[in-house]
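**Q** Would you mind keeping the following structure in view while I ask a few things?
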Amino acid sequence: MLRKKLVITLTTAQGSRQYTLGQLARYLLALFLLMSVCSFFISNLLLVKTSDELDNLEQGIDSLASQYEMTLGTTELQKGQLDQLSTTLQDLKVERDQLQEENLRIGELNETLDASLYGLEDLLGLPPSDEMTSDRAGALTVMTNQRLFFLSVLPNGEPTQGIRITDGFGMRMHPIHKKRVMHNGIDFKADIGTPVYATADGAVEYAGNHKASGFGKLVILQHALGFKTYYAHLSDVKVSSGTFVSKGQLIGLSGNSGISTGPHLHYEVRYLFRPVDPAPFVAWNISNFDSLFSEVKDVKWASLQKMYPLNQALQTAQQ
């Protein structure tokens, strides 16, 4: 009977005690121990597996974190690129708007230029063109420059404004000497003190009182191509000898000095010291430009066609 019993002895400070278990109890205890051992091994196995899974999960989390950071960096980069692209597009829009405005202005300028060139044809006394081409515009520019050149260096226009002519060029009865003599200029009725202007660019040959000629206070201007102009019977001289004057510059005031019967301006045009009729020069302007060369016979105008630099400009326009 003792063999079929399990005796458990517990020893303490107060002594030893024995406990006897039956066979069933032994089986249960063995089963418990076996389950405990199995549970221990299974737990360890699960713990190892869980630890591996945790390691893998941690690595996965680290990988995801890296990808997130990379994605975040890429997103920031893309955002910066998008911002830059947006700025570029805005700049392009501004440039496009500016180009549209510029094209509009260019169109308006072209229309204005065409209108001005057609007006220039009319001013030059030319028939209107069917179409204003660049060649035509170039030819008009050359022609205008040529005419302006001649109109600046050769006498043209009135030496005093708004005054009527009282005596012309040619033979007449002298108002004082009472005999027929040559009148080498034209007389403008003008009150004393009326402004007198140079009719072309030039140099002052003489400015002062010229008693020998009877012109009184006189200004003589030398111009290009052998021309001179005389302004006589002045009340005051505003320039001095040896100086340069430009067309339209004030050179004196009209008067009644010298041999004169009343306030007026005596005006002469001379070519190579010979008086020529000033009337065609007074009437000469940009719109009737060719008239002077046909009306004034005493000047060999044909030789002007070979002059430098005007022929150069004409050749450039024809090329």
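Convention: chains lettered A, B, ... in structure tokens order; per-chain residue numbering from 1; ligands numbered from 1 as shown.
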For the structure I just gave you, how does DSSP split region 234-294 of chain A - specifically, which residues are strand (DSSP E or B)? Reply as a list in words.
**A**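 Restricting region 234-294 of chain A to strand (DSSP E or B) produces Leu234, Ser235, Asp236, Val237, Phe244, Val245, Leu250, Ile251, Gly252, Leu253, Ser254, Gly255, His264, Leu265, His266, Tyr267, Glu268, Val269, Arg270, Tyr271, Arg274, Pro275 and Val276 of chain A.
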**Q** For the residues in that selection, give me N, CA, C and O atoms as a PDB file, in the first residue's frame.
**A**
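Written out: again_28.pdb:
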```pdb
ATOM      1  N   LEU A 234      18.386 149.268 -90.484  1.00  0.00           N
ATOM      2  CA  LEU A 234      17.983 148.787 -89.163  1.00  0.00           C
ATOM      3  C   LEU A 234      18.043 149.906 -88.136  1.00  0.00           C
ATOM      4  O   LEU A 234      18.809 150.882 -88.277  1.00  0.00           O
ATOM      5  N   SER A 235      17.279 149.746 -87.080  1.00  0.00           N
ATOM      6  CA  SER A 235      17.376 150.671 -85.946  1.00  0.00           C
ATOM      7  C   SER A 235      18.336 150.136 -84.889  1.00  0.00           C
ATOM      8  O   SER A 235      18.865 150.898 -84.081  1.00  0.00           O
ATOM      9  N   ASP A 236      18.560 148.815 -84.891  1.00  0.00           N
ATOM     10  CA  ASP A 236      19.467 148.219 -83.910  1.00  0.00           C
ATOM     11  C   ASP A 236      20.017 146.914 -84.478  1.00  0.00           C
ATOM     12  O   ASP A 236      19.329 146.195 -85.214  1.00  0.00           O
ATOM     13  N   VAL A 237      21.281 146.646 -84.177  1.00  0.00           N
ATOM     14  CA  VAL A 237      21.946 145.421 -84.623  1.00  0.00           C
ATOM     15  C   VAL A 237      22.140 144.518 -83.414  1.00  0.00           C
ATOM     16  O   VAL A 237      22.660 144.950 -82.372  1.00  0.00           O
ATOM     17  N   PHE A 244      28.691 133.297 -85.668  1.00  0.00           N
ATOM     18  CA  PHE A 244      27.820 132.429 -86.444  1.00  0.00           C
ATOM     19  C   PHE A 244      26.371 132.614 -85.993  1.00  0.00           C
ATOM     20  O   PHE A 244      26.105 132.846 -84.806  1.00  0.00           O
ATOM     21  N   VAL A 245      25.477 132.507 -86.955  1.00  0.00           N
ATOM     22  CA  VAL A 245      24.046 132.621 -86.646  1.00  0.00           C
ATOM     23  C   VAL A 245      23.325 131.439 -87.280  1.00  0.00           C
ATOM     24  O   VAL A 245      23.801 130.822 -88.233  1.00  0.00           O
ATOM     25  N   LEU A 250      17.374 136.006 -84.199  1.00  0.00           N
ATOM     26  CA  LEU A 250      17.200 137.462 -84.222  1.00  0.00           C
ATOM     27  C   LEU A 250      18.553 138.127 -84.489  1.00  0.00           C
ATOM     28  O   LEU A 250      19.518 137.899 -83.767  1.00  0.00           O
ATOM     29  N   ILE A 251      18.609 138.973 -85.530  1.00  0.00           N
ATOM     30  CA  ILE A 251      19.875 139.634 -85.867  1.00  0.00           C
ATOM     31  C   ILE A 251      19.774 141.149 -85.772  1.00  0.00           C
ATOM     32  O   ILE A 251      20.787 141.845 -85.789  1.00  0.00           O
ATOM     33  N   GLY A 252      18.551 141.684 -85.713  1.00  0.00           N
ATOM     34  CA  GLY A 252      18.417 143.139 -85.613  1.00  0.00           C
ATOM     35  C   GLY A 252      16.960 143.546 -85.539  1.00  0.00           C
ATOM     36  O   GLY A 252      16.044 142.698 -85.541  1.00  0.00           O
ATOM     37  N   LEU A 253      16.753 144.877 -85.489  1.00  0.00           N
ATOM     38  CA  LEU A 253      15.413 145.453 -85.454  1.00  0.00           C
ATOM     39  C   LEU A 253      15.282 146.426 -86.616  1.00  0.00           C
ATOM     40  O   LEU A 253      16.206 147.204 -86.915  1.00  0.00           O
ATOM     41  N   SER A 254      14.142 146.391 -87.286  1.00  0.00           N
ATOM     42  CA  SER A 254      13.934 147.270 -88.441  1.00  0.00           C
ATOM     43  C   SER A 254      13.932 148.737 -87.998  1.00  0.00           C
ATOM     44  O   SER A 254      13.649 149.063 -86.839  1.00  0.00           O
ATOM     45  N   GLY A 255      14.217 149.619 -88.978  1.00  0.00           N
ATOM     46  CA  GLY A 255      14.278 151.039 -88.623  1.00  0.00           C
ATOM     47  C   GLY A 255      14.181 151.943 -89.850  1.00  0.00           C
ATOM     48  O   GLY A 255      13.593 151.556 -90.877  1.00  0.00           O
ATOM     49  N   HIS A 264      11.327 150.844 -92.772  1.00  0.00           N
ATOM     50  CA  HIS A 264      11.147 149.619 -93.558  1.00  0.00           C
ATOM     51  C   HIS A 264      12.402 148.767 -93.429  1.00  0.00           C
ATOM     52  O   HIS A 264      13.419 149.201 -92.882  1.00  0.00           O
ATOM     53  N   LEU A 265      12.324 147.559 -93.976  1.00  0.00           N
ATOM     54  CA  LEU A 265      13.487 146.674 -94.043  1.00  0.00           C
ATOM     55  C   LEU A 265      13.827 146.427 -95.502  1.00  0.00           C
ATOM     56  O   LEU A 265      12.978 145.972 -96.279  1.00  0.00           O
ATOM     57  N   HIS A 266      15.051 146.762 -95.868  1.00  0.00           N
ATOM     58  CA  HIS A 266      15.543 146.459 -97.210  1.00  0.00           C
ATOM     59  C   HIS A 266      16.284 145.118 -97.125  1.00  0.00           C
ATOM     60  O   HIS A 266      17.226 144.963 -96.343  1.00  0.00           O
ATOM     61  N   TYR A 267      15.871 144.139 -97.961  1.00  0.00           N
ATOM     62  CA  TYR A 267      16.416 142.773 -97.908  1.00  0.00           C
ATOM     63  C   TYR A 267      16.943 142.378 -99.273  1.00  0.00           C
ATOM     64  O   TYR A 267      16.249 142.530-100.287  1.00  0.00           O
ATOM     65  N   GLU A 268      18.201 141.903 -99.321  1.00  0.00           N
ATOM     66  CA  GLU A 268      18.826 141.469-100.566  1.00  0.00           C
ATOM     67  C   GLU A 268      19.345 140.042-100.440  1.00  0.00           C
ATOM     68  O   GLU A 268      19.747 139.596 -99.366  1.00  0.00           O
ATOM     69  N   VAL A 269      19.352 139.328-101.571  1.00  0.00           N
ATOM     70  CA  VAL A 269      20.016 138.032-101.706  1.00  0.00           C
ATOM     71  C   VAL A 269      21.046 138.176-102.824  1.00  0.00           C
ATOM     72  O   VAL A 269      20.703 138.635-103.934  1.00  0.00           O
ATOM     73  N   ARG A 270      22.294 137.783-102.550  1.00  0.00           N
ATOM     74  CA  ARG A 270      23.345 137.884-103.560  1.00  0.00           C
ATOM     75  C   ARG A 270      24.012 136.517-103.729  1.00  0.00           C
ATOM     76  O   ARG A 270      24.212 135.781-102.759  1.00  0.00           O
ATOM     77  N   TYR A 271      24.364 136.235-104.998  1.00  0.00           N
ATOM     78  CA  TYR A 271      25.072 135.001-105.313  1.00  0.00           C
ATOM     79  C   TYR A 271      26.379 135.371-106.007  1.00  0.00           C
ATOM     80  O   TYR A 271      26.363 136.010-107.069  1.00  0.00           O
ATOM     81  N   ARG A 274      26.696 138.976-106.867  1.00  0.00           N
ATOM     82  CA  ARG A 274      25.719 139.552-107.792  1.00  0.00           C
ATOM     83  C   ARG A 274      24.320 139.464-107.188  1.00  0.00           C
ATOM     84  O   ARG A 274      23.901 138.379-106.753  1.00  0.00           O
ATOM     85  N   PRO A 275      23.586 140.574-107.148  1.00  0.00           N
ATOM     86  CA  PRO A 275      22.224 140.536-106.599  1.00  0.00           C
ATOM     87  C   PRO A 275      21.310 139.670-107.470  1.00  0.00           C
ATOM     88  O   PRO A 275      21.394 139.691-108.701  1.00  0.00           O
ATOM     89  N   VAL A 276      20.466 138.875-106.812  1.00  0.00           N
ATOM     90  CA  VAL A 276      19.433 138.101-107.501  1.00  0.00           C
ATOM     91  C   VAL A 276      18.098 138.455-106.864  1.00  0.00           C
ATOM     92  O   VAL A 276      18.032 138.957-105.730  1.00  0.00           O
TER      93      VAL A 276
END
```
**Q** Please report, as JSON lines, each residue of region 140-207 of chain A lying at most 10 Å from region 288-299 of chain A, together with the nearest pair of atoms and the separation in Å rounded to one decimal; use only C-alpha atoms, and order rows by chain and ascending residue number.
**A**
```
{"residue": "A:Arg147", "atom": "CA", "partner": "A:Phe289", "partner_atom": "CA", "distance": 7.1}
{"residue": "A:Leu148", "atom": "CA", "partner": "A:Phe289", "partner_atom": "CA", "distance": 9.9}
{"residue": "A:Phe150", "atom": "CA", "partner": "A:Phe289", "partner_atom": "CA", "distance": 9.3}
{"residue": "A:Leu151", "atom": "CA", "partner": "A:Phe289", "partner_atom": "CA", "distance": 8.8}
{"residue": "A:Asn156", "atom": "CA", "partner": "A:Leu292", "partner_atom": "CA", "distance": 9.7}
```
**Q** From the set A:Ser16, A:Thr166, A:Ser39, A:Asn256, which residue has the shortest atom-to-atom contact distance to Asp191 (chain A), counting only C-alpha atoms?
**A** A:Asn256
**Q** If you count only C-alpha atoms, which residues fall within 7 Å of Gly242 (chain A), apart from same-chain ones fewer than 3 positions away, as a short mmCIF file (atom, residue, chain, number, x, y, z; two decimals) with C-alpha atoms, in the first residue's frame?
**A**
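Output below, filename around-v6.cif:
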```cif
data_model
loop_
_atom_site.label_atom_id
_atom_site.label_comp_id
_atom_site.auth_asym_id
_atom_site.auth_seq_id
_atom_site.Cartn_x
_atom_site.Cartn_y
_atom_site.Cartn_z
CA ALA A 203 28.46 133.80 -90.49
CA VAL A 204 28.18 137.54 -89.86
CA GLU A 205 30.37 139.30 -92.44
#
```
**Q** Env of Arg172 (chain A): 9 Å cut, atoms = only C-alpha atoms, seq-sep filter 5 positions within chain, self excluded. Answer as a PDB file with C-alpha atoms, in the first residue's frame.
**A**
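The result, stored in result03.pdb:
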```
ATOM      1  CA  ASP A 167       8.841 147.554-103.375  1.00  0.00           C
ATOM      2  CA  LYS A 179      15.932 158.914-111.262  1.00  0.00           C
ATOM      3  CA  ARG A 180      15.633 155.351-112.479  1.00  0.00           C
ATOM      4  CA  VAL A 181      18.085 153.054-110.770  1.00  0.00           C
ATOM      5  CA  MET A 182      18.370 149.350-110.070  1.00  0.00           C
ATOM      6  CA  HIS A 183      16.718 148.223-106.838  1.00  0.00           C
TER       7      HIS A 183
END
```
**Q** So what do you get for CA of Ala283 (chain A) versus CA of Gly157 (chain A), distance-wise?
**A** 6.0 Å
